[in-house]
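Dropping run15.tsv in here (TSV, C-alpha atoms and all ligand atoms):
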chain	number	residue	atom	x	y	z
A	1	MET	CA	-30.46	1.42	-13.24
A	2	ALA	CA	-27.84	1.62	-10.46
A	3	ASP	CA	-28.72	4.11	-7.74
A	4	LEU	CA	-25.21	5.43	-7.04
A	5	THR	CA	-24.01	8.63	-5.38
A	6	LEU	CA	-20.37	9.55	-4.87
A	7	TYR	CA	-19.62	11.96	-2.02
A	8	GLY	CA	-16.55	13.99	-2.91
A	9	GLU	CA	-15.01	17.15	-1.48
A	10	SER	CA	-14.99	20.77	-2.48
A	11	THR	CA	-11.23	21.31	-3.00
A	12	TRP	CA	-11.01	18.47	-5.54
A	13	MET	CA	-7.51	17.70	-4.23
A	14	SER	CA	-8.23	14.31	-2.66
A	15	PRO	CA	-6.33	11.38	-4.22
A	16	TRP	CA	-8.94	9.09	-2.64
A	17	VAL	CA	-11.92	10.81	-4.25
A	18	PHE	CA	-9.93	10.79	-7.50
A	19	HIS	CA	-9.59	6.99	-7.20
A	20	ALA	CA	-13.32	6.47	-6.56
A	21	LEU	CA	-14.50	8.81	-9.33
A	22	VAL	CA	-12.14	7.22	-11.87
A	23	ALA	CA	-13.42	3.76	-10.82
A	24	LEU	CA	-17.04	4.83	-11.46
A	25	GLU	CA	-16.11	6.40	-14.79
A	26	GLU	CA	-14.16	3.33	-15.91
A	27	LYS	CA	-17.15	1.14	-15.00
A	28	LYS	CA	-19.25	3.51	-17.14
A	29	LEU	CA	-21.90	3.61	-14.43
A	30	PRO	CA	-24.29	6.56	-14.08
A	31	TYR	CA	-23.88	8.25	-10.70
A	32	LYS	CA	-24.75	11.43	-8.86
A	33	LEU	CA	-22.11	13.58	-7.25
A	34	ASP	CA	-22.50	15.23	-3.83
A	35	VAL	CA	-19.65	17.66	-3.18
A	36	VAL	CA	-19.08	18.02	0.57
A	37	PRO	CA	-17.52	21.35	1.63
A	38	ILE	CA	-14.14	20.79	3.31
A	39	PRO	CA	-13.47	21.27	6.19
A	40	MET	CA	-16.69	19.47	7.02
A	41	THR	CA	-19.02	21.10	9.50
A	42	PRO	CA	-19.45	19.00	12.67
A	43	GLU	CA	-23.12	18.48	11.66
A	44	ARG	CA	-22.21	17.12	8.21
A	45	LYS	CA	-19.49	14.94	9.69
A	46	ALA	CA	-21.92	13.48	12.24
A	47	GLU	CA	-24.52	12.90	9.52
A	48	LEU	CA	-22.00	11.05	7.30
A	49	GLN	CA	-20.73	9.03	10.26
A	50	LYS	CA	-24.25	7.78	10.90
A	51	THR	CA	-24.43	6.22	7.45
A	52	SER	CA	-20.85	5.47	6.35
A	53	ILE	CA	-19.41	4.98	9.90
A	54	LEU	CA	-15.98	6.50	9.15
A	55	GLY	CA	-17.41	9.75	7.82
A	56	LYS	CA	-14.52	10.55	5.47
A	57	VAL	CA	-14.87	11.08	1.74
A	58	PRO	CA	-14.94	9.45	-0.71
A	59	ILE	CA	-18.18	7.72	0.24
A	60	LEU	CA	-20.21	5.63	-2.19
A	61	GLN	CA	-23.92	5.29	-1.59
A	62	HIS	CA	-25.59	2.45	-3.47
A	63	GLY	CA	-29.22	2.39	-2.40
A	64	ASP	CA	-29.06	1.56	1.32
A	65	VAL	CA	-25.37	0.65	1.23
A	66	TRP	CA	-22.82	3.26	2.30
A	67	ILE	CA	-19.11	2.53	1.82
A	68	SER	CA	-16.12	4.71	2.60
A	69	GLU	CA	-12.38	4.04	2.03
A	70	SER	CA	-11.35	4.42	-1.60
A	71	LEU	CA	-10.09	0.86	-2.04
A	72	ALA	CA	-13.22	-0.62	-0.44
A	73	ILE	CA	-15.27	1.45	-2.90
A	74	SER	CA	-13.46	0.21	-6.02
A	75	GLU	CA	-13.58	-3.40	-4.78
A	76	TYR	CA	-17.31	-3.03	-4.06
A	77	LEU	CA	-17.89	-1.66	-7.58
A	78	ALA	CA	-15.80	-4.45	-9.11
A	79	GLU	CA	-17.82	-7.11	-7.30
A	80	SER	CA	-21.27	-5.50	-7.64
A	81	PHE	CA	-20.88	-4.72	-11.35
A	82	PRO	CA	-18.66	-7.57	-12.58
A	83	SER	CA	-17.11	-8.32	-15.96
A	84	PRO	CA	-18.10	-9.14	-18.69
A	85	ALA	CA	-21.26	-7.03	-18.33
A	86	HIS	CA	-19.12	-4.15	-17.04
A	87	PRO	CA	-15.50	-3.14	-17.73
A	88	ARG	CA	-12.92	-4.52	-15.30
A	89	LEU	CA	-11.24	-2.47	-12.56
A	90	PHE	CA	-8.95	-5.27	-11.33
A	91	PRO	CA	-6.97	-7.81	-13.40
A	92	ALA	CA	-8.65	-11.17	-14.10
A	93	ASN	CA	-5.42	-13.01	-13.33
A	94	LEU	CA	-5.09	-13.69	-9.58
A	95	ALA	CA	-1.34	-13.02	-9.37
A	96	GLU	CA	-1.77	-9.73	-11.22
A	97	ARG	CA	-4.75	-8.80	-9.05
A	98	ALA	CA	-2.67	-9.40	-5.93
A	99	ARG	CA	0.14	-7.32	-7.43
A	100	ALA	CA	-2.31	-4.51	-8.18
A	101	ARG	CA	-3.50	-4.54	-4.55
A	102	GLN	CA	0.11	-4.65	-3.37
A	103	VAL	CA	0.89	-1.51	-5.38
A	104	MET	CA	-2.22	0.31	-4.14
A	105	LEU	CA	-1.49	-0.52	-0.50
A	106	TYR	CA	2.16	0.56	-0.92
A	107	LEU	CA	0.92	3.90	-2.31
A	108	ARG	CA	-1.48	4.34	0.63
A	109	THR	CA	0.94	3.45	3.41
A	110	SER	CA	4.36	4.74	2.23
A	111	LEU	CA	5.97	7.81	0.64
A	112	SER	CA	4.63	10.29	3.22
A	113	ALA	CA	7.55	12.75	2.81
A	114	LEU	CA	7.05	12.81	-0.96
A	115	ARG	CA	3.32	13.39	-0.48
A	116	GLU	CA	4.09	16.26	1.88
A	117	ASP	CA	6.59	18.02	-0.41
A	118	ARG	CA	4.68	17.27	-3.61
A	119	PRO	CA	1.02	17.47	-2.56
A	120	THR	CA	-1.79	16.79	-5.05
A	121	SER	CA	-2.36	20.57	-5.23
A	122	THR	CA	0.92	20.71	-7.22
A	123	VAL	CA	-0.54	18.19	-9.69
A	124	PHE	CA	-4.17	19.33	-9.88
A	125	GLY	CA	-3.24	22.99	-9.31
A	126	ARG	CA	0.00	24.96	-9.54
A	127	PRO	CA	3.42	23.22	-9.52
A	128	THR	CA	5.93	24.12	-6.84
A	129	ILE	CA	9.60	25.10	-7.01
A	130	LYS	CA	10.16	24.07	-3.39
A	131	PRO	CA	13.17	21.73	-3.18
A	132	MET	CA	12.43	18.27	-1.83
A	133	SER	CA	13.68	17.29	1.61
A	134	ASP	CA	16.18	14.41	1.81
A	135	LYS	CA	13.34	12.18	3.02
A	136	ALA	CA	11.15	13.14	0.06
A	137	LYS	CA	14.06	12.49	-2.31
A	138	ALA	CA	14.49	9.04	-0.77
A	139	ASP	CA	10.73	8.41	-1.23
A	140	ALA	CA	10.95	9.57	-4.86
A	141	ALA	CA	13.88	7.20	-5.48
A	142	ASP	CA	11.91	4.31	-3.98
A	143	LEU	CA	8.85	5.17	-6.09
A	144	VAL	CA	10.97	5.24	-9.26
A	145	ARG	CA	12.58	1.91	-8.27
A	146	VAL	CA	9.18	0.27	-7.69
A	147	ALA	CA	7.60	1.72	-10.84
A	148	SER	CA	10.63	0.75	-12.96
A	149	ALA	CA	10.43	-2.82	-11.66
A	150	LEU	CA	6.74	-3.01	-12.65
A	151	ILE	CA	6.49	-1.02	-15.88
A	152	LYS	CA	8.40	-2.33	-18.85
A	153	ASP	CA	10.02	0.16	-21.21
A	154	GLY	CA	7.31	1.35	-23.62
A	155	ALA	CA	4.42	-0.27	-21.69
A	156	GLU	CA	1.19	1.71	-21.42
A	157	ASN	CA	-0.19	-0.22	-18.41
A	158	LEU	CA	1.12	-2.22	-15.48
A	159	PHE	CA	-0.35	-5.37	-17.03
A	160	ALA	CA	-1.68	-6.24	-20.50
A	161	GLU	CA	-4.85	-4.26	-19.77
A	162	TRP	CA	-5.50	-1.14	-17.72
A	163	CYS	CA	-6.45	-1.60	-14.06
A	164	ILE	CA	-7.29	0.82	-11.24
A	165	ALA	CA	-3.76	0.44	-9.79
A	166	ASP	CA	-2.49	2.20	-12.95
A	167	THR	CA	-4.49	5.27	-11.92
A	168	ASP	CA	-3.14	5.33	-8.35
A	169	LEU	CA	0.44	4.76	-9.47
A	170	THR	CA	0.08	7.49	-12.07
A	171	LEU	CA	-1.14	10.08	-9.58
A	172	MET	CA	1.91	9.33	-7.42
A	173	LEU	CA	4.25	9.59	-10.43
A	174	MET	CA	2.55	12.83	-11.51
A	175	ARG	CA	3.74	14.42	-8.26
A	176	LEU	CA	7.22	14.24	-9.84
A	177	VAL	CA	6.23	14.78	-13.50
A	178	ALA	CA	4.13	17.90	-12.82
A	179	ASN	CA	6.93	19.46	-10.77
A	180	GLN	CA	9.64	18.55	-13.30
A	181	ASP	CA	11.50	16.41	-10.80
A	182	PRO	CA	13.89	13.88	-12.36
A	183	MET	CA	12.25	10.69	-13.63
A	184	PRO	CA	13.12	8.10	-16.30
A	185	GLN	CA	11.62	8.94	-19.70
A	186	HIS	CA	9.60	5.72	-20.02
A	187	LEU	CA	7.85	6.40	-16.70
A	188	ILE	CA	7.02	9.95	-17.81
A	189	LYS	CA	5.53	8.52	-21.01
A	190	TYR	CA	3.52	5.94	-19.04
A	191	ALA	CA	2.18	8.57	-16.62
A	192	VAL	CA	1.32	11.12	-19.32
A	193	GLY	CA	-0.51	8.42	-21.31
A	194	GLN	CA	-2.52	7.34	-18.25
A	195	TRP	CA	-3.32	10.99	-17.44
A	196	ASP	CA	-4.97	11.31	-20.83
A	197	ARG	CA	-7.55	8.57	-20.11
A	198	ARG	CA	-11.14	9.73	-20.42
A	199	SER	CA	-11.88	8.80	-16.79
A	200	VAL	CA	-9.01	10.98	-15.52
A	201	ARG	CA	-10.02	13.85	-17.77
A	202	ARG	CA	-13.56	13.59	-16.37
A	203	TYR	CA	-12.11	14.19	-12.88
A	204	ILE	CA	-9.84	17.02	-14.06
A	205	ALA	CA	-12.83	18.76	-15.68
A	206	HIS	CA	-14.19	19.39	-12.16
A	207	LEU	CA	-11.10	21.34	-11.03
A	208	PRO	CA	-11.68	25.05	-10.50
A	209	THR	CA	-8.65	25.76	-12.73
A	210	ALA	CA	-10.25	23.79	-15.59
A	211	HIS	CA	-12.80	26.57	-16.24
A	301	LIG	N1	-8.04	6.22	3.60
A	301	LIG	C1	-9.16	7.01	3.13
A	301	LIG	C2	-8.80	8.48	3.23
A	301	LIG	C3	-10.03	9.36	3.24
A	301	LIG	C4	-9.71	10.77	3.68
A	301	LIG	O1	-8.69	11.04	4.36
A	301	LIG	N2	-10.60	11.72	3.31
A	301	LIG	C5	-10.42	13.10	3.64
A	301	LIG	C6	-10.39	13.93	2.35
A	301	LIG	S1	-8.91	13.57	1.45
A	301	LIG	C7	-11.61	13.60	4.45
A	301	LIG	O2	-12.72	13.13	4.32
A	301	LIG	N3	-11.36	14.62	5.31
A	301	LIG	C8	-12.40	15.26	6.06
A	301	LIG	C9	-12.48	14.80	7.47
A	301	LIG	O3	-11.71	13.90	7.88
A	301	LIG	O4	-13.31	15.33	8.19
A	301	LIG	C10	-9.53	6.58	1.70
A	301	LIG	O5	-8.71	5.91	1.03
A	301	LIG	O6	-10.65	6.87	1.25
Can you turn what I pasted into structure tokens?
Ligand SMILES: N[C@@H](CCC(=O)N[C@@H](CS)C(=O)NCC(=O)O)C(=O)O
Amino acid sequence: MADLTLYGESTWMSPWVFHALVALEEKKLPYKLDVVPIPMTPERKAELQKTSILGKVPILQHGDVWISESLAISEYLAESFPSPAHPRLFPANLAERARARQVMLYLRTSLSALREDRPTSTVFGRPTIKPMSDKAKADAADLVRVASALIKDGAENLFAEWCIADTDLTLMLMRLVANQDPMPQHLIKYAVGQWDRRSVRRYIAHLPTAH
């Protein structure tokens, strides 16, 4: 049996921990959860830096192997527990796999004004009525443009089958959906459908507001 521990964080607001937990759930792997209080104490930080080097959560421990960075974690899981014995996280098709990585890197390196005005606390917690700044509106327009180019009207996933990029894209879209910001209907339907996946619901069940 796999000896896996996911280190998460106590606010449950991290999009990166969300990504790693959904990846483990989609792989249907048994794992332990270690919830690190945030902000981390200097002692805990130093301890996690000794093993995972970067010392930021999420961290996946697999026996003696310690990996941080959400995308490195899902790629490690995909390669350590490959298909067909385990469900896929990344598309089998190389062009689609590259596209999935492209989307996930875009979501990690862009849209900072949107992330600031529509933080994950407004998705996992209470929505906000704060108007978006012009920069956040421009980010939202770019997100809708990118998502519309990738998701066909009526499609449930980016590609024929679900992949982990669907989860990341959905969390970004949910920043608009949850706050009732304008968004094309087919993208709302896509995001709401993705949000209802068992793996996502398993994450949401940990939220303090879920009890
Ligand atoms: N790029 C990283 C981001 C990780 C990150 O920023 N983690 C935050 C929580 S969201 C953290 O550990 N903060 C505590 C600290 O830096 O001490 C990833 O994708 O995993």
Select from region 50-147 of chain A every residue with an atom at most 8 Å from any atom of region 152-165 of chain A, then for each give the shortest pair of atoms and their distance in Å to one decimal, using all atoms listed in the file, rows by chain and rising number, as a Markdown table.
| residue | atom | partner | partner_atom | distance |
| --- | --- | --- | --- | --- |
| A:Arg88 | CA | A:Cys163 | CA | 7.2 |
| A:Leu89 | CA | A:Cys163 | CA | 5.1 |
| A:Phe90 | CA | A:Cys163 | CA | 5.2 |
| A:Pro91 | CA | A:Cys163 | CA | 6.3 |
| A:Glu96 | CA | A:Phe159 | CA | 7.4 |
| A:Ala100 | CA | A:Ala165 | CA | 5.4 |
| A:Arg101 | CA | A:Ala165 | CA | 7.2 |
| A:Val103 | CA | A:Ala165 | CA | 6.7 |
| A:Met104 | CA | A:Ala165 | CA | 5.9 |
Next on the checklist: Which residue is closest to Ile73 (chain A)? Choose from A:Trp195, A:Tyr7, A:Phe124, A:Tyr203 and count only C-alpha atoms.
Outcome noted: A:Tyr7
Distance table requested - chain A against ligand LIG 301 (chain A), cut-off 9 Å, only C-alpha atoms and all ligand atoms: one row per qualifying residue with the closest atom pair and its distance in Å to one decimal, ordered by chain and rising residue number, as a tab-separated table.
residue	atom	partner	partner_atom	distance
A:Gly8	CA	A:LIG301	C6	8.1
A:Glu9	CA	A:LIG301	C6	6.8
A:Trp12	CA	A:LIG301	S1	8.8
A:Met13	CA	A:LIG301	S1	7.2
A:Ser14	CA	A:LIG301	S1	4.2
A:Pro15	CA	A:LIG301	S1	6.6
A:Trp16	CA	A:LIG301	O6	4.8
A:Val17	CA	A:LIG301	O6	6.9
A:His19	CA	A:LIG301	O5	8.3
A:Ala20	CA	A:LIG301	O6	8.3
A:Val36	CA	A:LIG301	O2	8.9
A:Ile38	CA	A:LIG301	C8	6.4
A:Pro39	CA	A:LIG301	C8	6.1
A:Met40	CA	A:LIG301	O4	5.5
A:Thr41	CA	A:LIG301	O4	8.2
A:Pro42	CA	A:LIG301	O4	8.4
A:Lys45	CA	A:LIG301	O4	6.4
A:Leu54	CA	A:LIG301	O3	8.6
A:Gly55	CA	A:LIG301	O2	6.8
A:Lys56	CA	A:LIG301	O2	3.3
A:Val57	CA	A:LIG301	O2	3.9
A:Pro58	CA	A:LIG301	O6	5.4
A:Ile59	CA	A:LIG301	O6	7.6
A:Ser68	CA	A:LIG301	O6	6.0
A:Glu69	CA	A:LIG301	O6	3.4
A:Ser70	CA	A:LIG301	O6	3.8
A:Leu71	CA	A:LIG301	O5	6.1
A:Ala72	CA	A:LIG301	O5	8.1
A:Ile73	CA	A:LIG301	O6	8.2
A:Arg108	CA	A:LIG301	O5	7.4
Checklist entry - Which of these, A:Ser74, A:Gln61, A:Thr51, A:Ser133, has the shortest distance to Phe18 (chain A) once you count all atoms listed in the file? => result A:Ser74
Next on the checklist: Taking (-15.3, 2.7, -13.7) in the coordinates of the supplied file, I want to know which residues reach to within 8 Å of it, counting only C-alpha atoms; could you give the answer as a list in words?
Outcome noted: Leu21, Val22, Ala23, Leu24, Glu25, Glu26, Lys27, Lys28, Leu29, Leu77, Pro87, Arg88, Leu89 and Ser199 of chain A
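Residue nearest Ser148 (chain A), chosen from A:Pro82, A:Pro184, A:Pro127, A:Gly193 and counting only C-alpha atoms: A:Pro184.
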Item to check | Counting all atoms listed in the file, the option among A:Gly63, A:Pro119, A:Pro30, A:Pro131 closest to Met172 (chain A) | outcome: A:Pro119
Next on the checklist: Using all atoms listed in the file for the distances, tell me which of A:Arg175, A:His206, A:Arg99, A:Lys50 is nearest to Met132 (chain A).
Outcome noted: A:Arg175
Checklist entry - With only C-alpha atoms as the basis for distance, which of A:Val123, A:Ala46, A:Ile129, A:Ala205 is at the shortest distance from Met174 (chain A)? => result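 Ranked by minimum distance to Met174 (chain A), first place goes to A:Val123.
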Taking all atoms of region 15-23 of chain A that the file lists and extending 5 Å past them on each side, where is the centre of the axis-aligned box and how long are its edges? Answer in Å to one decimal, as JSON.
{"center_x": -10.4, "center_y": 7.6, "center_z": -7.3, "size_x": 18.2, "size_y": 17.6, "size_z": 19.2}
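Counting from CA of Asp3 (chain A), the distance to CA of Phe81 (chain A) is 12.3 Å.
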Checklist entry - Could you name the residues that touch Leu107 (chain A) at 9 Å or less, counting all atoms listed in the file, but leaving out those on the same chain fewer than 2 positions away, as a list in words? => result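 Counting only the stated atoms, we get Gln102, Val103, Met104, Leu105, Thr109, Ser110, Leu111, Leu143, Asp168, Leu169 and Met172 of chain A.
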Item to check | Point-to-point distance from CA of Gln49 (chain A) to CA of Lys32 (chain A), Å rounded to tenths | outcome: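 CA of Lys32 (chain A) lies 19.7 Å from CA of Gln49 (chain A).
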Checklist entry - So how far away is CA of Thr170 (chain A) from CA of Arg201 (chain A), in Å? => result 13.2 Å
